[in-house]
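Participant: For reference, this is query.txt, and it has compact mmCIF, C-alpha atoms.
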```
# COMPACT_ATOMS: atom_id res chain seq x y z
CA MET O 716 -87.50 212.09 268.14
CA LYS O 717 -88.86 212.03 264.55
CA THR O 718 -89.35 215.79 264.71
CA ILE O 719 -85.73 216.30 265.81
CA LYS O 720 -84.46 214.11 262.96
CA PHE O 721 -86.59 216.05 260.46
CA LEU O 722 -85.30 219.41 261.72
CA CYS O 723 -81.71 218.13 261.51
CA SER O 724 -82.28 217.08 257.91
CA ILE O 725 -83.58 220.54 257.04
CA LEU O 726 -80.58 222.18 258.66
CA VAL O 727 -78.20 219.97 256.66
CA VAL O 728 -79.94 220.90 253.40
CA LEU O 729 -79.84 224.60 254.25
CA SER O 730 -76.18 224.43 255.17
CA LEU O 731 -75.37 222.81 251.84
CA ALA O 732 -77.41 225.40 249.96
CA SER O 733 -75.57 228.21 251.72
CA CYS O 734 -72.28 226.85 250.39
CA GLU O 735 -73.25 227.59 246.78
CA ASP O 736 -71.25 230.38 245.17
CA VAL O 737 -71.97 232.23 241.94
CA VAL O 738 -69.09 231.57 239.57
CA GLN O 739 -68.32 234.40 237.18
CA VAL O 740 -66.75 233.03 234.01
CA LYS O 741 -64.31 235.52 232.53
CA LEU O 742 -63.62 235.03 228.85
CA ASP O 743 -60.53 236.34 227.13
CA ALA O 744 -61.38 239.30 224.92
CA GLY O 745 -60.33 238.59 221.35
CA ALA O 746 -59.33 241.17 218.79
CA PRO O 747 -62.38 242.79 217.11
CA MET O 748 -63.27 241.39 213.70
CA ILE O 749 -64.90 243.14 210.76
CA THR O 750 -68.53 242.11 210.33
CA ILE O 751 -70.13 242.58 206.90
CA ASP O 752 -73.89 242.22 206.40
CA ALA O 753 -74.26 242.32 202.62
CA PHE O 754 -77.67 240.90 201.69
CA VAL O 755 -78.52 242.88 198.54
CA ASN O 756 -81.67 242.35 196.46
CA ASP O 757 -83.34 243.37 193.21
CA MET O 758 -86.10 245.48 194.75
CA ARG O 759 -86.34 249.08 193.53
CA GLN O 760 -85.47 250.66 196.85
CA PRO O 761 -82.27 251.83 198.57
CA GLN O 762 -79.85 248.96 199.12
CA THR O 763 -77.80 248.76 202.32
CA ILE O 764 -74.57 246.99 203.27
CA ARG O 765 -73.63 247.27 206.94
CA LEU O 766 -70.09 247.24 208.38
CA THR O 767 -69.38 246.96 212.11
CA TYR O 768 -66.79 245.59 214.52
CA SER O 769 -67.53 242.40 216.42
CA ASP O 770 -67.87 242.59 220.22
CA ASN O 771 -67.37 240.29 223.21
CA TYR O 772 -69.69 237.29 223.54
CA PHE O 773 -71.61 238.64 226.55
CA SER O 774 -71.78 242.24 225.34
CA GLN O 775 -75.25 243.78 225.42
CA LYS O 776 -74.48 246.94 223.43
CA PRO O 777 -74.74 247.39 219.65
CA ASN O 778 -71.62 246.68 217.61
CA ASN O 779 -69.48 249.72 216.86
CA PRO O 780 -70.07 250.96 213.28
CA ILE O 781 -67.26 251.24 210.73
CA SER O 782 -66.92 254.43 208.71
CA GLY O 783 -64.41 255.43 206.06
CA ALA O 784 -64.54 252.21 204.04
CA THR O 785 -65.05 251.86 200.30
CA VAL O 786 -67.84 249.44 199.35
CA VAL O 787 -68.43 248.32 195.77
CA VAL O 788 -70.70 245.66 194.28
CA LYS O 789 -69.58 244.65 190.79
CA ASP O 790 -71.80 242.85 188.29
CA ILE O 791 -69.19 240.55 186.77
CA THR O 792 -71.59 239.44 184.04
CA SER O 793 -72.30 242.96 182.72
CA GLY O 794 -69.16 244.73 183.97
CA GLN O 795 -71.18 247.41 185.77
CA SER O 796 -70.13 248.58 189.25
CA TYR O 797 -72.26 250.06 192.04
CA ASN O 798 -70.54 252.29 194.61
CA PHE O 799 -72.21 252.33 198.04
CA ALA O 800 -72.01 255.67 199.87
CA ASP O 801 -70.81 255.89 203.48
CA ASN O 802 -73.60 257.13 205.78
CA ALA O 803 -71.13 257.50 208.70
CA ASN O 804 -73.19 255.12 210.87
CA GLY O 805 -72.00 251.74 209.59
CA ASN O 806 -74.53 251.74 206.75
CA TYR O 807 -73.34 252.02 203.15
CA MET O 808 -76.15 252.92 200.78
CA PHE O 809 -76.92 252.73 197.08
CA ASN O 810 -80.02 254.69 196.06
CA LEU O 811 -82.08 253.38 193.17
CA THR O 812 -84.74 254.97 191.02
CA ASN O 813 -88.14 253.32 190.81
CA THR O 814 -87.23 251.96 187.36
CA ASP O 815 -83.77 250.61 188.25
CA THR O 816 -82.43 247.53 190.00
CA ILE O 817 -78.99 246.18 190.89
CA GLY O 818 -79.71 242.48 190.74
CA LYS O 819 -80.43 240.35 187.70
CA VAL O 820 -81.15 236.64 187.87
CA GLY O 821 -78.32 234.58 186.41
CA HIS O 822 -75.68 237.27 186.90
CA THR O 823 -72.59 236.82 189.06
CA TYR O 824 -71.53 239.53 191.50
CA GLU O 825 -68.45 240.47 193.48
CA LEU O 826 -68.36 242.44 196.72
CA ILE O 827 -65.21 244.52 197.32
CA VAL O 828 -64.77 246.24 200.70
CA THR O 829 -61.63 248.28 201.37
CA HIS O 830 -60.91 249.52 204.89
CA GLN O 831 -57.66 250.93 206.26
CA GLY O 832 -55.73 249.40 203.38
CA ASN O 833 -57.26 245.95 203.85
CA VAL O 834 -59.43 244.37 201.15
CA TYR O 835 -62.34 241.99 201.78
CA THR O 836 -64.04 240.23 198.86
CA ALA O 837 -66.81 237.74 198.15
CA THR O 838 -68.51 236.34 195.05
CA THR O 839 -72.04 235.04 194.54
CA SER O 840 -74.74 234.66 191.90
CA MET O 841 -78.38 235.71 191.90
CA TYR O 842 -80.90 232.90 191.67
CA ARG O 843 -84.59 232.95 190.80
CA THR O 844 -87.38 233.44 193.31
CA THR O 845 -91.02 232.33 193.04
CA PRO O 846 -94.33 234.24 193.16
CA ILE O 847 -96.57 234.41 196.23
CA ASP O 848 -99.92 233.29 194.88
CA SER O 849 -101.96 234.62 197.80
CA LEU O 850 -101.98 235.49 201.50
CA ILE O 851 -104.48 233.78 203.77
CA VAL O 852 -105.75 235.34 207.00
CA GLU O 853 -107.96 233.77 209.65
CA TYR O 854 -109.19 234.94 213.03
CA LYS O 855 -108.22 232.74 215.99
CA GLU O 856 -109.89 232.85 219.39
CA ALA O 857 -107.78 233.09 222.54
CA GLY O 858 -106.22 229.76 223.47
CA THR O 859 -106.48 227.89 226.74
CA PHE O 860 -102.74 228.28 227.42
CA GLY O 861 -102.56 232.06 227.27
CA SER O 862 -102.35 232.70 223.52
CA LYS O 863 -104.28 235.85 222.68
CA ALA O 864 -107.06 236.25 220.15
CA GLY O 865 -106.18 237.77 216.79
CA TYR O 866 -105.41 237.16 213.15
CA ARG O 867 -102.96 234.59 211.81
CA PHE O 868 -101.46 234.87 208.33
CA SER O 869 -100.10 232.19 206.04
CA PHE O 870 -99.32 232.17 202.34
CA PHE O 871 -99.80 229.97 199.31
CA GLY O 872 -96.91 229.53 196.91
CA ILE O 873 -95.41 226.87 194.69
CA ASP O 874 -91.76 225.95 194.39
CA PRO O 875 -90.56 226.21 190.76
CA VAL O 876 -89.72 222.93 189.05
CA GLY O 877 -85.99 221.96 188.77
CA PRO O 878 -83.50 221.62 187.23
CA VAL O 879 -81.65 222.32 190.50
CA PRO O 880 -82.91 222.85 194.09
CA ASP O 881 -84.21 226.31 194.97
CA TYR O 882 -83.39 227.95 198.29
CA PHE O 883 -85.51 230.73 199.80
CA TRP O 884 -85.66 233.02 202.83
CA ILE O 885 -89.26 233.96 203.64
CA LYS O 886 -89.29 237.30 205.48
CA SER O 887 -92.42 238.58 207.20
CA TYR O 888 -93.26 241.99 208.63
CA ARG O 889 -95.94 243.34 210.94
CA ASN O 890 -96.74 246.98 210.19
CA GLY O 891 -93.32 247.34 208.58
CA VAL O 892 -91.42 245.75 211.49
CA PHE O 893 -89.36 242.73 210.44
CA TYR O 894 -89.57 239.54 212.49
CA ASN O 895 -85.80 239.35 213.00
CA LYS O 896 -85.16 237.02 215.92
CA GLY O 897 -83.09 233.90 215.31
CA ILE O 898 -86.08 231.68 215.96
CA ASP O 899 -88.04 233.61 213.28
CA ILE O 900 -85.63 232.75 210.45
CA ASN O 901 -87.87 230.99 207.92
CA ILE O 902 -85.74 229.32 205.25
CA THR O 903 -86.61 226.50 202.92
CA MET O 904 -85.23 224.20 200.26
CA ASP O 905 -87.77 223.59 197.47
CA GLY O 906 -90.61 224.80 199.72
CA ALA O 907 -89.89 222.16 202.38
CA ASN O 908 -87.17 221.22 204.84
CA GLY O 909 -85.10 219.13 202.46
CA ALA O 910 -84.97 217.35 199.13
CA GLY O 911 -87.89 215.48 197.58
CA SER O 912 -90.52 218.21 197.20
CA ASP O 913 -89.51 219.89 193.93
CA GLY O 914 -92.33 221.75 192.18
CA LEU O 915 -94.84 221.35 195.03
CA ILE O 916 -96.61 223.85 197.29
CA PHE O 917 -94.78 225.27 200.30
CA ILE O 918 -95.40 223.00 203.28
CA PRO O 919 -97.54 224.30 206.21
CA PRO O 920 -94.66 224.88 208.69
CA ILE O 921 -93.06 227.23 206.13
CA ALA O 922 -96.31 228.83 204.92
CA ASN O 923 -97.61 229.36 208.47
CA GLY O 924 -94.21 230.55 209.69
CA ILE O 925 -94.93 234.10 208.51
CA THR O 926 -96.91 234.44 211.77
CA PRO O 927 -94.17 233.20 214.10
CA ARG O 928 -94.20 231.95 217.69
CA GLY O 929 -97.97 232.06 218.16
CA GLU O 930 -97.96 235.79 217.34
CA ARG O 931 -101.32 237.34 216.47
CA PHE O 932 -102.03 240.36 214.27
CA ASP O 933 -104.60 242.91 215.39
CA LYS O 934 -107.38 244.12 213.13
CA PHE O 935 -106.09 246.48 210.42
CA ASP O 936 -102.47 245.41 211.00
CA MET O 937 -100.48 245.06 207.79
CA CYS O 938 -98.71 241.77 207.03
CA ARG O 939 -96.01 241.86 204.37
CA VAL O 940 -94.30 238.73 203.06
CA GLU O 941 -91.20 238.56 200.86
CA ILE O 942 -89.60 235.50 199.26
CA HIS O 943 -85.85 236.10 198.83
CA SER O 944 -83.81 233.71 196.71
CA LEU O 945 -80.63 232.31 198.26
CA SER O 946 -77.58 230.45 197.12
CA GLU O 947 -77.15 227.03 198.70
CA GLN O 948 -74.23 228.42 200.69
CA ALA O 949 -76.33 231.35 202.01
CA TYR O 950 -79.06 228.87 203.00
CA ASN O 951 -76.51 226.89 205.01
CA PHE O 952 -75.19 230.13 206.54
CA LEU O 953 -78.65 231.19 207.76
CA SER O 954 -79.29 227.70 209.06
CA GLN O 955 -76.13 227.97 211.15
CA VAL O 956 -77.10 231.48 212.31
CA GLN O 957 -80.44 230.14 213.51
CA THR O 958 -78.75 227.25 215.33
CA GLN O 959 -76.28 229.54 217.09
CA THR O 960 -78.80 232.26 218.04
CA THR O 961 -81.22 229.70 219.54
CA ASN O 962 -78.48 227.61 221.17
CA SER O 963 -79.56 227.49 224.80
CA GLY O 964 -81.05 225.24 227.42
CA LEU O 965 -80.04 221.86 228.79
CA PHE O 966 -78.74 220.50 225.48
CA ALA O 967 -76.93 223.62 224.26
CA THR O 968 -73.68 223.04 222.40
CA THR O 969 -70.45 225.02 222.51
CA PRO O 970 -70.92 228.31 220.57
CA GLU O 971 -68.85 228.75 217.43
CA ASN O 972 -68.25 231.43 214.85
CA VAL O 973 -70.67 231.25 211.95
CA LYS O 974 -68.99 230.55 208.60
CA THR O 975 -68.43 233.34 206.07
CA ASN O 976 -68.00 233.58 202.29
CA ILE O 977 -65.93 236.79 202.63
CA THR O 978 -62.19 236.35 202.21
CA THR O 979 -59.17 238.50 202.98
CA THR O 980 -55.39 238.32 203.28
CA SER O 981 -55.51 240.87 206.11
CA SER O 982 -54.57 240.03 209.69
CA VAL O 983 -57.87 241.71 210.68
CA LYS O 984 -60.33 238.84 210.36
CA VAL O 985 -63.82 239.09 208.90
CA VAL O 986 -67.22 237.48 209.45
CA GLY O 987 -70.51 237.98 207.65
CA TRP O 988 -72.07 237.08 204.32
CA PHE O 989 -72.65 238.40 200.80
CA ASN O 990 -75.80 237.31 198.96
CA MET O 991 -77.78 238.64 196.01
CA SER O 992 -81.53 237.94 196.14
CA ALA O 993 -84.36 238.11 193.68
CA VAL O 994 -87.55 239.00 195.59
CA ASN O 995 -91.30 238.56 195.18
CA TRP O 996 -93.69 240.00 197.75
CA LYS O 997 -97.30 240.55 198.77
CA GLN O 998 -98.99 242.37 201.63
CA MET O 999 -102.44 242.32 203.18
CA ILE O 1000 -104.42 244.02 205.96
CA ALA O 1001 -105.93 241.88 208.71
CA GLN O 1002 -109.71 242.19 208.68
```
Step by step, read the file and then write its structure as structure tokens.
Facilitator:
Amino acid sequence: MKTIKFLCSILVVLSLASCEDVVQVKLDAGAPMITIDAFVNDMRQPQTIRLTYSDNYFSQKPNNPISGATVVVKDITSGQSYNFADNANGNYMFNLTNTDTIGKVGHTYELIVTHQGNVYTATTSMYRTTPIDSLIVEYKEAGTFGSKAGYRFSFFGIDPVGPVPDYFWIKSYRNGVFYNKGIDINITMDGANGAGSDGLIFIPPIANGITPRGERFDKFDMCRVEIHSLSEQAYNFLSQVQTQTTNSGLFATTPENVKTNITTTSSVKVVGWFNMSAVNWKQMIAQ
């Protein structure tokens, strides 16, 4: 009798499981928006501003590039303008000589994008960065939970003293490949995660974050680290980008459009950000 009751219970569970249906949520497709990725810096290398159209939330393909626009960065402080050339693939380039630079700390800049008669503008200033004193590399044995053996990098740097907070984006590269996932965004205020650490060394979570997610470098791999200065608004923008791109799991919140500092009077809306960064960098081979 107990066996019969047990088998009946199993059949009830299976019958309930068989009633489950996969629900396909269909979202309304909104009108494409202009996306502008305009993070320009003072390094003596070609500078790129990227223009694309936004796509549906669940789309897995790259955004469609925008060609035929006019892209200008104007140094309001000096009055000089820099015209970015259309590469016909969504990238607009300005080529620099090895003795030239666009950005100057303390100067204010305006971005002017014109596309199909519509004008998109943004204004920002370039703030100071800070030197990387040294890179530190250590060999780590394989861990008990599946982490592989290899080299881990960190850096030593000091946040400059006042008079206002400094905001930085620490970018790291492995053999020239940028760690570009949302979870890899390594931003800091005064070398820490908030106020109260002005003029001190960068805290370990920031300094060790140049080797993200338990990643390990192999012998003779090149690690490159760059400290990009940010405005406070750009820091908040990247913080929101990180939140939205890692927004998953049981406690995920409703997705929302990330804020933008680019304005327009056009009916074609725009998202993205314009920032001018001063940069210091170092690189080192794992060995």
Participant: Go ahead and compute the interatomic distance for atom CA of Asp905 of chain O and atom CA of Val940 of chain O, in Å to one decimal.
Facilitator: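 Computing it gives 17.4 Å between the two atoms.
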Participant: Env of Lys984 of chain O: 10 Å cut, atoms = all atoms listed in the file, seq-sep filter 2 positions within chain, self excluded. Answer as a PyMOL selection string.
Facilitator: chain O and resi 746-750+835+977-982+986
Participant: For the point (-78.1, 236.4, 197.7) in file coordinates, what residues are within 7 Å, counting all atoms listed in the file? Give the answer as a PyMOL selection string?
Facilitator: chain O and resi 754-755+839-841+944-946+949+989-992
Participant: Can you find the residues with an atom no farther than 10 Å from (-103.9, 246.7, 215.4), counting only C-alpha atoms, and report them as an NGL selection string?
Facilitator: :O and (865-866 or 889-890 or 931-937 or 1000-1002)
Participant: Would you list the contacts of Ile791 of chain O as a list in words, taking every protein, DNA or RNA residue within 7 Å and counting all atoms listed in the file, but skipping same-chain residues closer than 2 positions in sequence?
Facilitator: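 Using all atoms listed in the file, the neighbours found are Lys789, Ser793, Gly794, Thr823, Tyr824 and Glu825 of chain O.
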Participant: At a cut-off of 9 Å, using only C-alpha atoms, what residues contact segment 801-810 of chain O? Leave out same-chain residues fewer than 2 positions from it and give the result as a list in words.
Facilitator: Arg759, Gln760, Pro761, Gln762, Thr763, Ile764, Arg765, Leu766, Thr767, Asn779, Pro780, Ile781, Ser782, Gly783, Ala784, Thr785, Val786, Tyr797, Asn798, Phe799 and Thr812 of chain O
Participant: Would you compute the distance between atom CA of Gly872 of chain O and atom CA of Ser849 of chain O? Give it in Å to one decimal.
Facilitator: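 These atoms are spaced 7.2 Å apart.
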Participant: Which of these, O:Lys776, O:Lys974, O:Arg843, O:Arg928, has the shortest distance to Pro875 of chain O once you count all atoms listed in the file?
Facilitator: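 With all atoms listed in the file as the atom set, the closest residue is O:Arg843.
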